[in-house]
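> Sharing structure_8.txt (compact mmCIF, C-alpha atoms) below.
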```txt
# COMPACT_ATOMS: atom_id res chain seq x y z
CA MET A 27 -31.78 -5.01 6.13
CA SER A 28 -35.28 -5.92 5.10
CA LEU A 29 -38.49 -5.95 7.06
CA ASP A 30 -39.00 -8.79 9.54
CA PRO A 31 -40.92 -11.50 7.60
CA ALA A 32 -43.42 -12.00 10.44
CA LEU A 33 -44.22 -8.28 10.40
CA SER A 34 -44.26 -8.17 6.62
CA ALA A 35 -46.88 -10.92 6.57
CA ARG A 36 -49.15 -8.89 8.83
CA LEU A 37 -49.13 -5.78 6.61
CA LYS A 38 -52.06 -5.11 4.33
CA ARG A 39 -50.54 -2.81 1.73
CA ASN A 40 -52.60 -0.77 -0.74
CA ALA A 41 -52.28 -1.12 -4.52
CA ASP A 42 -49.13 1.02 -4.39
CA GLY A 43 -47.53 -1.20 -1.73
CA LEU A 44 -48.02 1.37 1.03
CA VAL A 45 -49.50 1.52 4.52
CA CYS A 46 -50.88 4.69 6.07
CA ALA A 47 -48.86 6.25 8.93
CA VAL A 48 -50.60 8.45 11.49
CA VAL A 49 -47.96 10.42 13.37
CA VAL A 50 -48.73 11.56 16.90
CA ASP A 51 -46.82 13.84 19.27
CA HIS A 52 -45.68 11.59 22.12
CA ALA A 53 -45.97 14.35 24.72
CA THR A 54 -49.33 15.89 23.79
CA SER A 55 -50.99 13.08 21.77
CA ASP A 56 -51.84 15.61 19.05
CA VAL A 57 -51.99 14.19 15.55
CA LEU A 58 -49.10 15.87 13.75
CA MET A 59 -49.35 14.53 10.21
CA VAL A 60 -50.39 11.62 8.04
CA ALA A 61 -47.94 10.08 5.61
CA TRP A 62 -47.27 6.80 3.82
CA MET A 63 -44.72 4.04 4.26
CA ASN A 64 -43.51 1.26 2.03
CA ASP A 65 -41.71 -1.70 3.57
CA GLU A 66 -38.35 0.06 3.41
CA ALA A 67 -39.68 3.21 5.12
CA LEU A 68 -41.18 1.15 7.93
CA GLU A 69 -38.01 -0.88 8.32
CA LYS A 70 -35.89 2.28 8.47
CA THR A 71 -38.29 3.93 10.92
CA LEU A 72 -38.06 0.92 13.24
CA THR A 73 -34.30 0.50 13.03
CA THR A 74 -33.12 4.11 12.93
CA ARG A 75 -35.92 5.61 15.08
CA ARG A 76 -36.15 8.52 12.64
CA GLY A 77 -39.60 9.05 11.10
CA THR A 78 -39.11 7.87 7.52
CA TYR A 79 -41.82 7.85 4.86
CA TYR A 80 -42.48 7.28 1.20
CA SER A 81 -43.29 10.28 -0.96
CA ARG A 82 -46.03 9.37 -3.42
CA SER A 83 -45.38 12.51 -5.50
CA ARG A 84 -41.61 12.14 -5.68
CA GLN A 85 -41.76 8.31 -5.54
CA GLU A 86 -38.88 8.11 -3.13
CA LEU A 87 -38.07 7.58 0.53
CA TRP A 88 -37.79 10.69 2.70
CA VAL A 89 -36.49 11.11 6.20
CA LYS A 90 -38.67 13.70 7.92
CA GLY A 91 -36.57 16.77 8.74
CA GLU A 92 -33.66 15.76 6.53
CA THR A 93 -33.65 19.22 4.92
CA SER A 94 -35.65 21.28 7.45
CA GLY A 95 -34.06 19.86 10.59
CA HIS A 96 -37.56 19.12 11.91
CA VAL A 97 -36.75 15.51 12.67
CA GLN A 98 -38.81 12.96 14.54
CA HIS A 99 -37.43 10.64 17.21
CA VAL A 100 -39.72 7.62 17.10
CA ARG A 101 -40.90 6.43 20.50
CA GLU A 102 -43.48 3.81 19.60
CA VAL A 103 -44.99 2.17 16.51
CA ARG A 104 -48.22 0.19 16.59
CA LEU A 105 -50.02 -1.71 13.87
CA ASP A 106 -53.81 -1.47 13.65
CA CYS A 107 -56.34 -4.29 13.69
CA ASP A 108 -56.29 -4.95 9.97
CA GLY A 109 -52.65 -4.16 9.26
CA ASP A 110 -53.09 -1.26 6.84
CA THR A 111 -52.18 1.59 9.22
CA VAL A 112 -49.38 2.27 11.68
CA LEU A 113 -49.58 4.70 14.58
CA VAL A 114 -46.22 6.36 15.13
CA ARG A 115 -45.56 8.25 18.36
CA VAL A 116 -42.68 10.69 18.08
CA ASP A 117 -40.77 13.45 19.78
CA GLN A 118 -41.08 16.17 17.13
CA THR A 119 -38.33 18.75 16.74
CA GLY A 120 -39.83 22.03 15.52
CA PRO A 121 -43.02 22.26 13.46
CA ALA A 122 -44.23 19.00 11.90
CA CYS A 123 -45.92 20.66 8.93
CA HIS A 124 -44.07 21.89 5.85
CA THR A 125 -46.15 25.10 6.19
CA ASN A 126 -44.35 25.70 9.51
CA THR A 127 -47.37 25.11 11.70
CA ARG A 128 -47.00 22.73 14.61
CA THR A 129 -49.29 20.13 13.03
CA CYS A 130 -50.73 19.65 9.54
CA PHE A 131 -54.17 20.33 11.00
CA ASP A 132 -53.41 23.81 12.35
CA THR A 133 -54.78 25.64 9.36
CA ASP A 134 -57.96 27.66 9.53
CA GLU A 135 -59.67 24.89 7.59
CA ARG A 136 -61.84 23.79 10.47
CA LEU A 137 -65.02 22.43 8.96
CA LEU A 138 -67.01 21.86 12.11
CA LEU A 139 -66.39 23.34 15.52
CA ALA A 140 -66.64 21.58 18.86
CA ASP A 141 -68.68 24.53 20.09
CA ASP A 142 -71.32 23.90 17.43
CA ARG A 143 -72.58 20.91 19.39
CA GLY A 144 -76.32 20.93 18.86
CA MET B 7 -77.57 17.81 -0.05
CA SER B 8 -74.15 17.86 -1.61
CA LEU B 9 -70.84 19.02 -0.27
CA ASP B 10 -70.24 22.77 -0.06
CA PRO B 11 -68.49 23.69 -3.35
CA ALA B 12 -65.84 25.78 -1.54
CA LEU B 13 -64.97 22.78 0.63
CA SER B 14 -65.15 20.40 -2.31
CA ALA B 15 -62.60 22.53 -4.17
CA ARG B 16 -60.15 22.21 -1.27
CA LEU B 17 -60.25 18.40 -1.16
CA LYS B 18 -57.45 16.43 -2.76
CA ARG B 19 -59.07 13.05 -3.33
CA ASN B 20 -57.12 9.90 -4.17
CA ALA B 21 -57.67 7.90 -7.37
CA ASP B 22 -60.76 6.34 -5.79
CA GLY B 23 -62.24 9.75 -4.91
CA LEU B 24 -61.53 9.35 -1.20
CA VAL B 25 -59.84 11.31 1.56
CA CYS B 26 -58.30 9.70 4.64
CA ALA B 27 -60.11 10.22 7.96
CA VAL B 28 -58.18 9.98 11.22
CA VAL B 29 -60.66 9.61 14.05
CA VAL B 30 -59.65 10.81 17.51
CA ASP B 31 -61.37 10.49 20.88
CA HIS B 32 -62.39 14.02 21.85
CA ALA B 33 -61.87 13.39 25.57
CA THR B 34 -58.55 11.53 25.57
CA SER B 35 -57.07 12.52 22.16
CA ASP B 36 -56.34 8.84 21.49
CA VAL B 37 -56.42 7.85 17.83
CA LEU B 38 -59.40 5.48 17.60
CA MET B 39 -59.38 4.39 13.96
CA VAL B 40 -58.53 5.39 10.42
CA ALA B 41 -61.16 5.19 7.69
CA TRP B 42 -62.00 6.74 4.34
CA MET B 43 -64.59 9.25 3.17
CA ASN B 44 -65.98 10.12 -0.21
CA ASP B 45 -67.74 13.46 -0.65
CA GLU B 46 -71.06 12.02 0.48
CA ALA B 47 -69.58 10.52 3.65
CA LEU B 48 -67.95 13.83 4.55
CA GLU B 49 -71.14 15.75 3.83
CA LYS B 50 -73.17 13.38 5.99
CA THR B 51 -70.59 13.48 8.78
CA LEU B 52 -70.73 17.29 8.82
CA THR B 53 -74.52 17.58 8.63
CA THR B 54 -75.64 14.65 10.80
CA ARG B 55 -72.66 14.71 13.22
CA ARG B 56 -72.54 10.92 13.03
CA GLY B 57 -69.17 9.50 11.94
CA THR B 58 -69.91 8.29 8.42
CA TYR B 59 -67.36 6.64 6.13
CA TYR B 60 -66.94 4.86 2.83
CA SER B 61 -66.20 1.16 2.88
CA ARG B 62 -63.62 0.33 0.23
CA SER B 63 -64.34 -3.41 0.52
CA ARG B 64 -68.13 -3.15 0.36
CA GLN B 65 -68.05 -0.03 -1.84
CA GLU B 66 -70.78 1.67 0.13
CA LEU B 67 -71.36 4.31 2.76
CA TRP B 68 -71.46 3.17 6.37
CA VAL B 69 -72.54 4.97 9.48
CA LYS B 70 -70.20 3.89 12.28
CA GLY B 71 -72.19 1.98 14.91
CA GLU B 72 -75.25 1.50 12.72
CA THR B 73 -75.29 -2.21 13.54
CA SER B 74 -73.08 -2.36 16.67
CA GLY B 75 -74.53 0.69 18.40
CA HIS B 76 -70.95 2.01 18.78
CA VAL B 77 -71.80 5.36 17.25
CA GLN B 78 -69.68 8.49 17.08
CA HIS B 79 -70.93 11.97 17.87
CA VAL B 80 -68.72 14.26 15.83
CA ARG B 81 -67.35 17.25 17.74
CA GLU B 82 -64.89 18.72 15.29
CA VAL B 83 -63.60 18.14 11.76
CA ARG B 84 -60.40 19.71 10.42
CA LEU B 85 -58.81 19.53 7.01
CA ASP B 86 -55.06 19.13 6.74
CA CYS B 87 -52.58 21.36 4.92
CA ASP B 88 -52.88 19.64 1.55
CA GLY B 89 -56.55 18.65 1.70
CA ASP B 90 -56.19 14.88 1.51
CA THR B 91 -56.88 14.04 5.17
CA VAL B 92 -59.51 15.04 7.71
CA LEU B 93 -59.08 14.88 11.46
CA VAL B 94 -62.37 13.94 13.11
CA ARG B 95 -62.80 14.41 16.86
CA VAL B 96 -65.64 12.34 18.29
CA ASP B 97 -67.40 11.23 21.42
CA GLN B 98 -67.19 7.45 20.94
CA THR B 99 -69.91 5.21 22.36
CA GLY B 100 -68.41 1.81 23.26
CA PRO B 101 -65.35 0.35 21.57
CA ALA B 102 -64.31 1.97 18.31
CA CYS B 103 -62.76 -1.19 16.85
CA HIS B 104 -64.75 -3.99 15.28
CA THR B 105 -62.60 -6.38 17.34
CA ASN B 106 -64.19 -4.81 20.44
CA THR B 107 -61.07 -3.09 21.65
CA ARG B 108 -61.30 0.59 22.54
CA THR B 109 -59.16 1.65 19.59
CA CYS B 110 -57.95 -0.09 16.45
CA PHE B 111 -54.41 0.17 17.80
CA ASP B 112 -55.02 -1.75 21.03
CA THR B 113 -53.80 -5.06 19.68
CA ASP B 114 -50.56 -6.62 20.84
CA GLU B 115 -49.02 -5.61 17.52
CA ARG B 116 -46.70 -3.06 19.02
CA LEU B 117 -43.65 -2.97 16.80
CA LEU B 118 -41.50 -0.65 18.85
CA LEU B 119 -41.86 0.21 22.52
CA ALA B 120 -41.50 3.63 24.09
CA ASP B 121 -39.31 2.04 26.73
CA ASP B 122 -36.85 0.90 24.09
CA ARG B 123 -35.52 4.44 23.77
CA GLY B 124 -31.87 4.01 23.06
```
Represent the structure from my file as structure tokens, please.

Amino acid sequence: MSLDPALSARLKRNADGLVCAVVVDHATSDVLMVAWMNDEALEKTLTTRRGTYYSRSRQELWVKGETSGHVQHVREVRLDCDGDTVLVRVDQTGPACHTNTRTCFDTDERLLLADDRG
Amino acid sequence: MSLDPALSARLKRNADGLVCAVVVDHATSDVLMVAWMNDEALEKTLTTRRGTYYSRSRQELWVKGETSGHVQHVREVRLDCDGDTVLVRVDQTGPACHTNTRTCFDTDERLLLADDRG
């Protein structure tokens, strides 16, 4: 299968043919991770309902959780106003981050704290 | 001012010297928009607490809401596990999207519905 032509026409891909994917926990609305999709990854995400992305370093498709078991059941996909980003709402099994934290933003790398409000 | 060298060393910029910024409503956790930051935009965001980005089309810095009045007070900034994305939590004044919707994902471009769960 290939991507629906009407959808394909709405995508604004970057120079590498990719759109940005922001992945959100469907239950908590926390941002879990950011990844990239080519047309095939988006098509597979929509048809299989498994979060599927394109690895820029390995230059290949990857199904999230294929090796770790930390799969994503995709509940909703939305395209943004200018077609270069998709918002993917998922039920995440296990930690979303390869470092085994729940999200990719759960490091101690917080640059500015909410409590700092001046 | 320039970016803190310790922070600068943690950033993994793309070929254009940018990191991805996912902007979230601090009150609702909704993803409002996705934009890009160069070092200067990140430094200004952290020091002024106004959401400040880099426009790839105009190739210049822009302070969100500078013309529309739809400014962002930045509450929290986090770096992700591999340093190529920041998560920015903001208090958003008015609509975040230039199309005047609350978020950039409030179009009718929903590709897959939650209710479709099969």
> Output as AutoDock Vina command-line options the centre and edge lengths (Å, one decimal) of the box along x, y and z of the file that holds every listed atom of segment 84-96 of chain A after adding 4 Å on each side.

```
--center_x -37.7 --center_y 14.4 --center_z 3.1 --size_x 16.1 --size_y 21.7 --size_z 25.6
```
> Using only C-alpha atoms, which residues sit within 8 Å of Gly100 of chain B once same-chain residues fewer than 6 positions away are excluded, as a list in words?
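So the residues in contact are Gly75, His76, Val77 and Arg108 of chain B.
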> Have a look at B:Ser35, B:Ser14, B:Gln78, B:Ser63 and name the one nearest to chain A; count all atoms listed in the file.
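Looking only at the distances to chain A, the closest residue turns out to be B:Ser35.
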> Pull out every residue of chain A that has at least one atom within 6 Å of chain B, counting all atoms listed in the file, and report them as a PDB file with C-alpha atoms, in the coordinates of the input.

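Wrote result-v6.pdb, looks like this:
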```pdb
ATOM      1  CA  ARG A 101     -40.900   6.430  20.500  1.00  0.00           C
ATOM      2  CA  GLU A 102     -43.480   3.810  19.600  1.00  0.00           C
ATOM      3  CA  VAL A 103     -44.990   2.170  16.510  1.00  0.00           C
ATOM      4  CA  ARG A 104     -48.220   0.190  16.590  1.00  0.00           C
ATOM      5  CA  LEU A 105     -50.020  -1.710  13.870  1.00  0.00           C
ATOM      6  CA  ASP A 106     -53.810  -1.470  13.650  1.00  0.00           C
ATOM      7  CA  CYS A 107     -56.340  -4.290  13.690  1.00  0.00           C
ATOM      8  CA  CYS A 130     -50.730  19.650   9.540  1.00  0.00           C
ATOM      9  CA  PHE A 131     -54.170  20.330  11.000  1.00  0.00           C
ATOM     10  CA  GLU A 135     -59.670  24.890   7.590  1.00  0.00           C
ATOM     11  CA  ARG A 136     -61.840  23.790  10.470  1.00  0.00           C
ATOM     12  CA  LEU A 137     -65.020  22.430   8.960  1.00  0.00           C
ATOM     13  CA  LEU A 138     -67.010  21.860  12.110  1.00  0.00           C
ATOM     14  CA  LEU A 139     -66.390  23.340  15.520  1.00  0.00           C
ATOM     15  CA  ALA A 140     -66.640  21.580  18.860  1.00  0.00           C
TER      16      ALA A 140
END
```
> Can you work out the spacing between atom CA of Gly43 of chain A and atom CA of Met63 of chain A in Å, to one decimal?
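Result for atom CA of Gly43 of chain A versus atom CA of Met63 of chain A: 8.4 Å, one decimal.
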> Just to confirm, what's the straight-line distance from atom CA of Ala47 of chain B to atom CA of Tyr59 of chain B in Å (one decimal)?
5.1 Å
> Would you mind aligning chain B to chain A, a least-squares fit over all C-alpha atoms taken in order, and returning the superposed chain as a compact mmCIF listing (two decimals) with C-alpha atoms, keeping the file's coordinate frame?

```txt
# COMPACT_ATOMS: atom_id res chain seq x y z
CA MET B 7 -31.78 -4.99 6.10
CA SER B 8 -35.28 -5.90 5.10
CA LEU B 9 -38.48 -5.95 7.06
CA ASP B 10 -38.99 -8.80 9.54
CA PRO B 11 -40.92 -11.48 7.58
CA ALA B 12 -43.41 -12.00 10.44
CA LEU B 13 -44.21 -8.28 10.40
CA SER B 14 -44.25 -8.17 6.62
CA ALA B 15 -46.87 -10.93 6.58
CA ARG B 16 -49.15 -8.87 8.84
CA LEU B 17 -49.12 -5.78 6.62
CA LYS B 18 -52.05 -5.12 4.32
CA ARG B 19 -50.53 -2.81 1.73
CA ASN B 20 -52.59 -0.77 -0.73
CA ALA B 21 -52.27 -1.12 -4.51
CA ASP B 22 -49.13 1.01 -4.39
CA GLY B 23 -47.53 -1.20 -1.71
CA LEU B 24 -48.02 1.38 1.03
CA VAL B 25 -49.50 1.52 4.51
CA CYS B 26 -50.89 4.70 6.08
CA ALA B 27 -48.87 6.25 8.92
CA VAL B 28 -50.61 8.46 11.48
CA VAL B 29 -47.97 10.41 13.35
CA VAL B 30 -48.75 11.57 16.89
CA ASP B 31 -46.83 13.83 19.27
CA HIS B 32 -45.69 11.58 22.11
CA ALA B 33 -46.00 14.34 24.72
CA THR B 34 -49.35 15.89 23.79
CA SER B 35 -51.01 13.07 21.77
CA ASP B 36 -51.85 15.61 19.05
CA VAL B 37 -52.01 14.19 15.54
CA LEU B 38 -49.10 15.87 13.75
CA MET B 39 -49.36 14.54 10.20
CA VAL B 40 -50.40 11.62 8.05
CA ALA B 41 -47.94 10.07 5.60
CA TRP B 42 -47.27 6.80 3.83
CA MET B 43 -44.71 4.04 4.26
CA ASN B 44 -43.51 1.27 2.02
CA ASP B 45 -41.71 -1.69 3.59
CA GLU B 46 -38.36 0.07 3.41
CA ALA B 47 -39.67 3.21 5.11
CA LEU B 48 -41.18 1.16 7.93
CA GLU B 49 -38.00 -0.87 8.32
CA LYS B 50 -35.89 2.28 8.48
CA THR B 51 -38.30 3.94 10.92
CA LEU B 52 -38.08 0.93 13.24
CA THR B 53 -34.30 0.51 13.04
CA THR B 54 -33.11 4.13 12.92
CA ARG B 55 -35.94 5.60 15.06
CA ARG B 56 -36.15 8.51 12.63
CA GLY B 57 -39.61 9.05 11.10
CA THR B 58 -39.10 7.87 7.53
CA TYR B 59 -41.82 7.85 4.87
CA TYR B 60 -42.47 7.28 1.20
CA SER B 61 -43.28 10.27 -0.96
CA ARG B 62 -46.03 9.38 -3.41
CA SER B 63 -45.37 12.52 -5.49
CA ARG B 64 -41.59 12.14 -5.68
CA GLN B 65 -41.74 8.32 -5.54
CA GLU B 66 -38.86 8.11 -3.11
CA LEU B 67 -38.07 7.58 0.54
CA TRP B 68 -37.78 10.67 2.71
CA VAL B 69 -36.48 11.10 6.21
CA LYS B 70 -38.67 13.70 7.92
CA GLY B 71 -36.56 16.77 8.73
CA GLU B 72 -33.65 15.77 6.52
CA THR B 73 -33.64 19.21 4.92
CA SER B 74 -35.66 21.27 7.45
CA GLY B 75 -34.04 19.86 10.58
CA HIS B 76 -37.57 19.11 11.90
CA VAL B 77 -36.74 15.50 12.66
CA GLN B 78 -38.81 12.95 14.54
CA HIS B 79 -37.44 10.63 17.20
CA VAL B 80 -39.73 7.62 17.10
CA ARG B 81 -40.92 6.42 20.50
CA GLU B 82 -43.49 3.82 19.60
CA VAL B 83 -45.00 2.18 16.52
CA ARG B 84 -48.24 0.18 16.60
CA LEU B 85 -50.04 -1.71 13.87
CA ASP B 86 -53.81 -1.47 13.64
CA CYS B 87 -56.35 -4.30 13.69
CA ASP B 88 -56.28 -4.97 9.96
CA GLY B 89 -52.63 -4.17 9.26
CA ASP B 90 -53.08 -1.28 6.85
CA THR B 91 -52.19 1.59 9.21
CA VAL B 92 -49.39 2.28 11.67
CA LEU B 93 -49.60 4.68 14.58
CA VAL B 94 -46.23 6.36 15.12
CA ARG B 95 -45.57 8.25 18.36
CA VAL B 96 -42.69 10.70 18.07
CA ASP B 97 -40.77 13.44 19.78
CA GLN B 98 -41.08 16.16 17.13
CA THR B 99 -38.33 18.75 16.74
CA GLY B 100 -39.84 22.03 15.49
CA PRO B 101 -43.02 22.24 13.44
CA ALA B 102 -44.22 19.00 11.90
CA CYS B 103 -45.92 20.66 8.92
CA HIS B 104 -44.09 21.90 5.86
CA THR B 105 -46.16 25.09 6.18
CA ASN B 106 -44.35 25.68 9.50
CA THR B 107 -47.36 25.11 11.68
CA ARG B 108 -47.00 22.71 14.60
CA THR B 109 -49.29 20.13 13.03
CA CYS B 110 -50.72 19.64 9.55
CA PHE B 111 -54.17 20.32 11.00
CA ASP B 112 -53.41 23.79 12.36
CA THR B 113 -54.77 25.64 9.36
CA ASP B 114 -57.97 27.65 9.53
CA GLU B 115 -59.68 24.86 7.60
CA ARG B 116 -61.86 23.79 10.47
CA LEU B 117 -65.03 22.44 8.95
CA LEU B 118 -67.01 21.87 12.11
CA LEU B 119 -66.41 23.40 15.52
CA ALA B 120 -66.61 21.64 18.86
CA ASP B 121 -68.67 24.54 20.12
CA ASP B 122 -71.30 23.90 17.48
CA ARG B 123 -72.58 20.92 19.45
CA GLY B 124 -76.27 20.91 18.84
```
> Tell me, in Å to one decimal, how far atom CA of Glu66 of chain B is from atom CA of Glu46 of chain B.
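Rounded to one decimal, the two atoms are 10.4 Å apart.
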> Check the smallest atom-to-atom distance from each of A:Trp62, A:Val89, A:Gln118, A:Ser94 to Thr74 of chain A using all atoms listed in the file, then report the winner.
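That would be A:Val89, the residue with the smallest distance to Thr74 of chain A.
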> Calculated over all atoms listed in the file, which of the candidates B:Ala15, B:Thr99, B:Asn44, B:Leu24 has the smallest distance to Arg56 of chain B?
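Ranked by minimum distance to Arg56 of chain B, first place goes to B:Thr99.
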